[in-house]
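Structure below is upload08.cif: mmCIF, C-alpha atoms and all ligand atoms.
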data_model
loop_
_atom_site.label_atom_id
_atom_site.label_comp_id
_atom_site.auth_asym_id
_atom_site.auth_seq_id
_atom_site.Cartn_x
_atom_site.Cartn_y
_atom_site.Cartn_z
CA MET A 1 54.43 -114.15 -45.37
CA LYS A 2 54.14 -110.59 -46.67
CA LEU A 3 50.39 -110.51 -46.07
CA LYS A 4 50.86 -111.84 -42.52
CA ASN A 5 53.31 -109.03 -41.73
CA LEU A 6 50.86 -106.47 -43.07
CA VAL A 7 48.02 -107.84 -40.89
CA ILE A 8 50.24 -107.78 -37.78
CA PHE A 9 51.24 -104.23 -38.54
CA ALA A 10 47.59 -103.18 -39.03
CA VAL A 11 46.56 -104.78 -35.72
CA ILE A 12 49.41 -103.08 -33.81
CA TYR A 13 48.58 -99.74 -35.46
CA ALA A 14 44.88 -100.06 -34.51
CA MET A 15 45.82 -100.88 -30.90
CA PHE A 16 48.17 -97.91 -30.85
CA LEU A 17 45.43 -95.59 -32.11
CA SER A 18 42.87 -96.78 -29.58
CA LEU A 19 45.34 -96.48 -26.69
CA CYS A 20 46.51 -92.88 -27.33
CA GLY A 21 43.29 -91.56 -28.79
CA CYS A 22 45.16 -90.15 -31.77
CA GLY A 23 43.00 -89.18 -34.69
CA HIS A 24 40.05 -88.22 -32.45
CA VAL A 25 39.37 -84.70 -31.29
CA HIS A 26 36.82 -84.52 -28.48
CA ASP A 27 33.72 -82.60 -29.41
CA TYR A 28 31.91 -81.73 -26.20
CA LYS A 29 28.23 -80.89 -26.20
CA GLU A 30 26.80 -78.99 -23.24
CA THR A 31 23.79 -80.27 -21.39
CA VAL A 32 22.43 -77.94 -18.72
CA ILE A 33 21.71 -79.85 -15.53
CA THR A 34 20.84 -76.80 -13.40
CA GLU A 35 20.27 -73.30 -14.77
CA PRO A 36 22.36 -70.65 -12.94
CA THR A 37 20.68 -67.65 -11.34
CA CYS A 38 22.31 -64.43 -10.13
CA THR A 39 22.26 -65.86 -6.57
CA SER A 40 23.23 -69.51 -7.16
CA ASP A 41 25.62 -71.43 -9.41
CA GLY A 42 24.32 -73.68 -12.17
CA LEU A 43 25.76 -76.98 -13.39
CA SER A 44 26.41 -78.17 -16.92
CA GLU A 45 27.67 -81.47 -18.26
CA PHE A 46 29.99 -81.52 -21.26
CA LYS A 47 29.97 -84.86 -23.07
CA CYS A 48 31.73 -86.19 -26.14
CA GLU A 49 30.37 -88.95 -28.40
CA CYS A 50 33.28 -91.14 -27.27
CA GLY A 51 31.92 -91.17 -23.76
CA GLU A 52 34.41 -88.69 -22.25
CA SER A 53 32.63 -86.13 -20.03
CA TYR A 54 33.07 -83.56 -17.29
CA THR A 55 30.86 -81.11 -15.38
CA GLU A 56 31.38 -77.42 -14.77
CA LYS A 57 29.80 -74.75 -12.55
CA THR A 58 28.12 -71.91 -14.44
CA LYS A 59 27.41 -68.38 -13.26
CA LYS A 60 24.99 -65.58 -14.08
CA GLU A 61 25.53 -61.86 -13.38
CA HIS A 62 22.97 -59.62 -11.70
CA GLU A 63 20.98 -57.51 -14.13
CA TYR A 64 20.98 -54.07 -12.54
CA GLU A 65 18.68 -51.32 -13.59
CA SER A 66 19.48 -47.74 -12.53
CA ASN A 67 17.02 -45.40 -10.92
CA LEU A 68 17.82 -41.83 -9.90
CA ILE A 69 16.36 -41.61 -6.40
CA LYS A 70 17.86 -38.23 -5.50
CA GLU A 71 18.46 -35.55 -8.12
CA PRO A 72 21.80 -33.73 -7.66
CA THR A 73 21.89 -29.95 -7.52
CA CYS A 74 24.81 -27.52 -7.84
CA GLN A 75 25.03 -27.57 -4.03
CA LYS A 76 24.22 -31.18 -3.04
CA THR A 77 25.16 -34.59 -4.41
CA GLY A 78 22.44 -36.92 -5.62
CA GLN A 79 21.92 -40.67 -5.31
CA MET A 80 21.50 -43.40 -7.91
CA GLU A 81 20.02 -46.77 -6.97
CA TYR A 82 20.88 -49.94 -8.86
CA LYS A 83 18.45 -52.84 -8.48
CA CYS A 84 18.74 -56.33 -9.92
CA LYS A 85 15.55 -57.12 -11.83
CA SER A 86 15.89 -60.83 -11.03
CA CYS A 87 16.72 -61.04 -7.32
CA GLY A 88 16.06 -57.51 -6.12
CA ASP A 89 19.66 -56.94 -4.86
CA THR A 90 20.31 -53.20 -4.55
CA TYR A 91 23.20 -50.81 -4.04
CA THR A 92 23.49 -47.04 -4.33
CA GLU A 93 26.09 -44.68 -5.71
CA VAL A 94 26.70 -40.98 -5.11
CA VAL A 95 25.92 -38.78 -8.11
CA GLU A 96 28.29 -35.81 -8.42
CA LYS A 97 26.93 -32.31 -7.96
CA SER A 98 25.56 -30.79 -11.13
CA SER A 99 27.22 -27.70 -12.58
CA HIS A 100 25.89 -24.23 -11.89
CA THR A 101 23.35 -22.72 -14.25
CA TYR A 102 24.65 -19.25 -15.03
CA GLY A 103 22.38 -16.49 -16.11
CA SER A 104 23.41 -13.61 -18.35
CA ASN A 105 24.56 -11.71 -15.23
CA LYS A 106 27.20 -14.45 -14.53
CA TYR A 107 25.43 -15.60 -11.37
CA CYS A 108 23.95 -19.07 -10.84
CA THR A 109 20.18 -18.91 -11.15
CA VAL A 110 19.85 -21.72 -8.58
CA CYS A 111 22.26 -20.88 -5.76
CA GLY A 112 23.48 -17.39 -6.68
CA ALA A 113 27.17 -18.38 -6.92
CA LYS A 114 29.35 -16.02 -8.95
CA LYS A 115 31.06 -17.45 -12.00
CA VAL A 116 34.84 -17.59 -11.57
CA GLY A 117 37.69 -18.91 -13.63
CA SER A 118 41.43 -18.94 -13.84
CA VAL A 119 44.03 -18.94 -16.59
CA LYS A 120 47.64 -19.98 -16.33
CA LEU A 121 50.38 -17.50 -16.94
CA PRO A 122 52.76 -18.47 -19.75
CA SER A 123 55.96 -19.75 -18.14
CA THR A 124 58.10 -17.69 -20.56
CA SER A 125 57.10 -14.62 -18.60
CA TYR A 126 59.00 -15.79 -15.55
CA GLY A 127 62.50 -14.65 -14.76
CA ASN A 128 62.77 -12.13 -17.59
CA THR A 129 64.88 -9.02 -17.15
CA TYR A 130 63.33 -5.71 -18.01
CA ASP A 131 65.03 -2.36 -18.45
CA TYR A 132 63.45 0.86 -17.42
CA ILE A 133 64.61 3.44 -19.93
CA ARG A 134 64.18 7.16 -19.52
CA TYR A 135 65.37 9.67 -22.12
CA GLY A 136 67.26 6.89 -23.91
CA THR A 137 69.19 5.85 -20.79
CA VAL A 138 68.73 2.63 -18.90
CA VAL A 139 67.65 3.92 -15.53
CA SER A 140 67.10 0.58 -13.86
CA THR A 141 66.87 -3.11 -14.55
CA CYS A 142 64.67 -5.50 -12.73
CA LYS A 143 64.02 -9.14 -12.98
CA ILE A 144 60.50 -10.38 -12.57
CA THR A 145 60.72 -13.75 -10.90
CA ASP A 146 57.30 -14.27 -9.49
CA LEU A 147 54.33 -13.22 -11.46
CA SER A 148 50.84 -14.48 -11.13
CA TYR A 149 47.37 -13.39 -11.83
CA GLU A 150 43.84 -14.45 -11.25
CA TRP A 151 40.65 -13.30 -12.74
CA LYS A 152 37.07 -13.31 -11.80
CA TYR A 153 34.31 -12.01 -13.93
CA ASN A 154 34.90 -8.36 -14.78
CA THR A 155 38.13 -8.18 -12.81
CA LEU A 156 41.65 -9.16 -13.65
CA THR A 157 44.17 -8.93 -10.84
CA LEU A 158 47.85 -9.23 -11.51
CA TYR A 159 50.46 -9.74 -8.82
CA ILE A 160 54.20 -9.31 -8.99
CA THR A 161 56.21 -10.24 -5.96
CA GLY A 162 59.83 -11.15 -5.60
CA LYS A 163 62.94 -11.14 -3.45
CA LYS A 164 66.20 -9.26 -3.87
CA ILE A 165 66.14 -8.95 -7.62
CA TYR A 166 66.27 -5.22 -8.06
CA ASP A 167 69.30 -3.68 -9.68
CA TYR A 168 69.34 -0.02 -10.49
CA ALA A 169 71.66 2.34 -12.23
CA GLY A 170 71.72 6.12 -12.17
CA ASP A 171 69.41 8.01 -9.97
CA THR A 172 68.83 6.17 -6.73
CA GLY A 173 65.42 7.73 -6.62
CA ASP A 174 64.37 5.70 -9.64
CA ASN A 175 63.75 2.53 -7.79
CA VAL A 176 60.97 1.57 -10.12
CA CYS A 177 60.72 -0.62 -13.16
CA SER A 178 57.92 -0.59 -15.65
CA LEU A 179 56.43 -3.21 -17.88
CA LEU A 180 53.69 -3.10 -20.40
CA PHE A 181 51.34 -6.02 -20.32
CA ILE A 182 48.99 -6.71 -23.17
CA MET A 183 46.22 -9.24 -23.10
CA TYR A 184 44.83 -10.75 -26.29
CA ASP A 185 41.78 -12.89 -26.84
CA SER A 186 41.90 -16.00 -29.05
CA HIS A 187 41.20 -13.86 -32.15
CA GLY A 188 44.27 -11.71 -31.50
CA ASN A 189 42.30 -8.68 -30.40
CA ILE A 190 43.78 -6.61 -27.58
CA ILE A 191 41.31 -6.68 -24.73
CA CYS A 192 43.39 -4.94 -22.15
CA SER A 193 46.78 -3.31 -21.80
CA ASP A 194 48.29 -1.57 -18.86
CA GLN A 195 51.60 -0.29 -17.60
CA LEU A 196 52.81 -2.28 -14.64
CA MET A 197 55.20 -0.65 -12.28
CA THR A 198 57.25 -2.54 -9.76
CA GLN A 199 58.35 -0.79 -6.63
CA HIS A 200 60.41 -1.99 -3.77
CA VAL A 201 60.08 -1.91 -0.06
CA ILE A 202 62.72 -3.12 2.36
CA VAL A 203 61.53 -5.99 4.47
CA ASN A 204 64.24 -7.43 6.75
CA GLU A 205 66.91 -6.05 4.41
CA THR A 206 65.41 -7.90 1.52
CA PHE A 207 63.93 -6.06 -1.37
CA LYS A 208 60.40 -6.95 -2.06
CA TYR A 209 58.58 -5.98 -5.20
CA TYR A 210 54.94 -5.72 -5.45
CA TYR A 211 52.30 -4.48 -7.74
CA VAL A 212 48.62 -5.19 -7.72
CA PRO A 213 46.82 -3.50 -10.59
CA THR A 214 43.14 -4.18 -11.08
CA PRO A 215 42.18 -3.22 -14.59
CA THR A 216 38.51 -3.77 -15.24
CA VAL A 217 37.91 -5.95 -18.23
CA LEU A 218 35.15 -8.39 -19.12
CA LEU A 219 36.58 -11.86 -19.64
CA ASP A 220 34.89 -14.92 -21.02
CA GLU A 221 35.71 -18.23 -19.33
CA THR A 222 35.70 -20.07 -22.64
CA GLU A 223 38.28 -17.79 -24.26
CA ASP A 224 41.93 -18.75 -24.55
CA TYR A 225 43.88 -15.69 -23.52
CA ARG A 226 47.46 -14.75 -24.25
CA ILE A 227 49.44 -12.31 -22.17
CA GLU A 228 52.51 -10.53 -23.39
CA PHE A 229 55.00 -8.50 -21.36
CA ARG A 230 57.12 -5.77 -22.93
CA ASP A 231 59.71 -3.39 -21.58
CA TYR A 232 58.07 -0.09 -20.98
CA THR A 233 60.17 2.74 -22.27
CA VAL A 234 59.54 6.47 -22.07
ZN ZN A 301 35.86 -87.81 -27.57
ZN ZN A 302 20.33 -60.55 -9.04
ZN ZN A 303 24.55 -23.01 -8.41
#

Turn this file's structure into structure tokens for me.
Amino acid sequence: MKLKNLVIFAVIYAMFLSLCGCGHVHDYKETVITEPTCTSDGLSEFKCECGESYTEKTKKEHEYESNLIKEPTCQKTGQMEYKCKSCGDTYTEVVEKSSHTYGSNKYCTVCGAKKVGSVKLPSTSYGNTYDYIRYGTVVSTCKITDLSYEWKYNTLTLYITGKKIYDYAGDTGDNVCSLLFIMYDSHGNIICSDQLMTQHVIVNETFKYYYVPTPTVLLDETEDYRIEFRDYTV
């Protein structure tokens, strides 16, 4: 009786296993039916020892080789051609202009362009109030609200412009305000310093300040400059 029960159990268990596939993990082996190319899909069959199988499309990417067909210059873009070595498919891409080749005179040896650069003014220099002191007395106070500069090789140009920001005390003739600006290179050496004077003109009843000094100083594009503004006292 006990043995009979065990046999029945074993038979049911075997049927159960064969029905659900438990205990077997498919192990598919690929057989290539058609090799893919870069222009057409291939086909592969994946088959397990148990007889289970399926097929799948396979793909192959183009194998592009680059060829510079037009050399870029500092004035014109170039062109790069990409060609698939299997099917010959081609496409081209624009190659960015090359950079200028500057000689020791700061001019491009190819096109003659002059080397230019720009540096950003430290934001802390904006909106500061400066006193103009003469003989120990504050003669006038002005607020610099708009200050910018640009430099090209050998020339630094500094602009101060603003709206009604001028406030003076004392002599009404002293409608000027002076600043000292000092420029340092990355090693802390002073390269240039100059007294900047703001003046005003009345434009539509609005004061306008201006100053455009052009100190001549040789600047290097690779340097990291620092500019400092100080009250200019006499
Ligand atoms: Zn299987
Ligand atoms: Zn191809
Ligand atoms: Zn050039």

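The two atoms in question, CA of Ser186 (chain A) and CA of Tyr107 (chain A), are spaced 24.2 Å apart.
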
Shell of 8 Å around ligand ZN 301 (chain A) (only C-alpha atoms and all ligand atoms), written as a CSV table (one decimal) with C-alpha atoms, keeping the file's coordinate frame:
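Result file is selection_35.csv:
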chain,number,residue,atom,x,y,z
A,24,HIS,CA,40.0,-88.2,-32.4
A,25,VAL,CA,39.4,-84.7,-31.3
A,26,HIS,CA,36.8,-84.5,-28.5
A,27,ASP,CA,33.7,-82.6,-29.4
A,28,TYR,CA,31.9,-81.7,-26.2
A,47,LYS,CA,30.0,-84.9,-23.1
A,48,CYS,CA,31.7,-86.2,-26.1
A,49,GLU,CA,30.4,-89.0,-28.4
A,50,CYS,CA,33.3,-91.1,-27.3
A,51,GLY,CA,31.9,-91.2,-23.8
A,52,GLU,CA,34.4,-88.7,-22.2

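For the atom pair formed by CA of Cys108 (chain A) and CA of Leu68 (chain A), the distance is 23.6 Å, given to one decimal.
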
Problem set entry | Cys111 (chain A) surroundings by all atoms listed in the file, 9 Å radius, close-in-sequence under 2 positions cut, as JSON, numbers by chain | {"A": [74, 75, 100, 101, 107, 108, 109, 113]}

Problem set entry | Which of A:Glu65, A:Ile33, A:Ser98, A:Lys70 sits closest to ligand ZN 303 (chain A) [using all atoms listed in the file] | A:Ser98

Problem set entry | 8 Å contact set for Cys38 (chain A), only C-alpha atoms, chain neighbours under 3 positions out, as a VMD selection string | chain A and resid 41 59 to 62 86 to 87

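Minimum atom-to-atom distances from A:Asp89, A:Glu71, A:Glu56, A:Glu81 to ligand ZN 302 (chain A) were compared using only C-alpha atoms and all ligand atoms, and the lowest value belongs to A:Asp89.
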
Problem set entry | Asn67 (chain A) environment, 9 Å, only C-alpha atoms, sequence neighbours closer than 2 positions dropped, as JSON, numbers by chain | {"A": [65, 69, 79, 80, 81, 82, 83]}

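Here CA of Glu93 (chain A) stands at a distance of 12.7 Å from CA of Tyr64 (chain A).
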
Exercise. Restricting the calculation to all atoms listed in the file, which member of A:Gly103, A:Ile227, A:Ser44, A:Leu180 is positioned closest to ligand ZN 303 (chain A)?
Worked result: A:Gly103

Problem set entry | Residue nearest ligand ZN 302 (chain A) - candidates A:Lys57, A:Phe46, A:Thr31, A:Gly88, atoms counted: all atoms listed in the file | A:Gly88

For this session: Considering only C-alpha atoms, return as JSON, numbers by chain whatever protein or nucleic-acid residues lie within 7 Å of Arg226 (chain A), sequence-local ones (same chain, fewer than 6 positions apart) excluded.
Result: {"A": [183, 184, 185]}

I need the residues from that last selection saved to file as a PDB file, in the frame of the given file (with C-alpha atoms), if you can.
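After the write, out-v2.pdb holds the following:
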ATOM      1  CA  MET A 183      46.220  -9.240 -23.100  1.00  0.00           C
ATOM      2  CA  TYR A 184      44.830 -10.750 -26.290  1.00  0.00           C
ATOM      3  CA  ASP A 185      41.780 -12.890 -26.840  1.00  0.00           C
TER       4      ASP A 185
END
